[in-house]
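> Please read through the structure below; I'll follow up with questions.
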Amino acid sequence: MNNYETVFILTPVLSDVQMKEAVEKFTGLLKSLGAEIVNEENWGLRKLAYPIAKKSTGFYQLIEFKAEPSVIATLEVNFRRDERVIRFLTFRQDKYAAEYAVKRRNLKASKETVKEN
């Protein structure tokens, strides 16, 4: 199984509930295909670098997961079919990117524990 990271942008006209529903759809799809979700981050509503379909903002979502290569084709077909997804990018992490992702998660977790104290 390879480490993958996917970032997708959802249309900004969605309500909070609809956005969470869309994210759950894709995480559920990954789990049903045998992928292991490692990390999931909601980056929130952000400004796009350039307008896409007359929209200048979008909801960004990051999912890190471990899966077989055949899962990616199914995931990307579902991204293309879903009208709520403006853009997406999925790539396989090499060993250095995977190590960096672990360090980034640990750093984020340590910052959150400091905030709580």
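In the structure tokens, the first chain shown is A, the next is B, and so on; residue numbers restart at 1 for each chain, and ligands run from 1 in the order shown.
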Among chain A, which residues does DSSP mark as strand (DSSP E) when it is run on the backbone? Keep the chain and numbering as in the structure and answer as a PyMOL selection string.
chain A and resi 2-10+36-52+55-67+85-92
> Which neighbours of region 13-26 of chain A fall inside 12 Å, counting only C-alpha atoms, when residues of the same chain fewer than 4 positions from it are skipped, and could you give them as a PyMOL selection string?
chain A and resi 6-9+30-33+35+37+40-42+44-45+54-65+71-72+74-86+88
> May I ask for the distance between CA of Ser70 (chain A) and CA of Arg104 (chain A), given in Å to one decimal place?
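Distance reported for this atom pair: 27.2 Å.
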> To one decimal in Å, tell me the separation between CA of Arg92 (chain A) and CA of Asn2 (chain A).
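About the pair CA of Arg92 (chain A) and CA of Asn2 (chain A): they are 6.8 Å apart.
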> Record the distance separating CA of Lys111 (chain A) and CA of Glu99 (chain A), expressed in Å with one decimal.
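A separation of 18.5 Å between them.
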> My list of candidates is A:Asn3, A:Asn39, A:Gln93, A:Thr27. Which is closest to Ala109 (chain A) when distances are computed with only C-alpha atoms?
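The shortest atom-to-atom distance to Ala109 (chain A) comes from A:Asn39.
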> So which bits of chain A end up helix (DSSP H, G or I) when you DSSP the backbone, as a PyMOL selection string?
chain A and resi 16-32+70-81+95-116
> Which one of A:Ser110, A:Ala73, A:Glu68, A:Leu89 sits closest to Glu5 (chain A) if you count only C-alpha atoms?
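Checking each of A:Ser110, A:Ala73, A:Glu68, A:Leu89 against Glu5 (chain A), counting only C-alpha atoms, the winner is A:Leu89.
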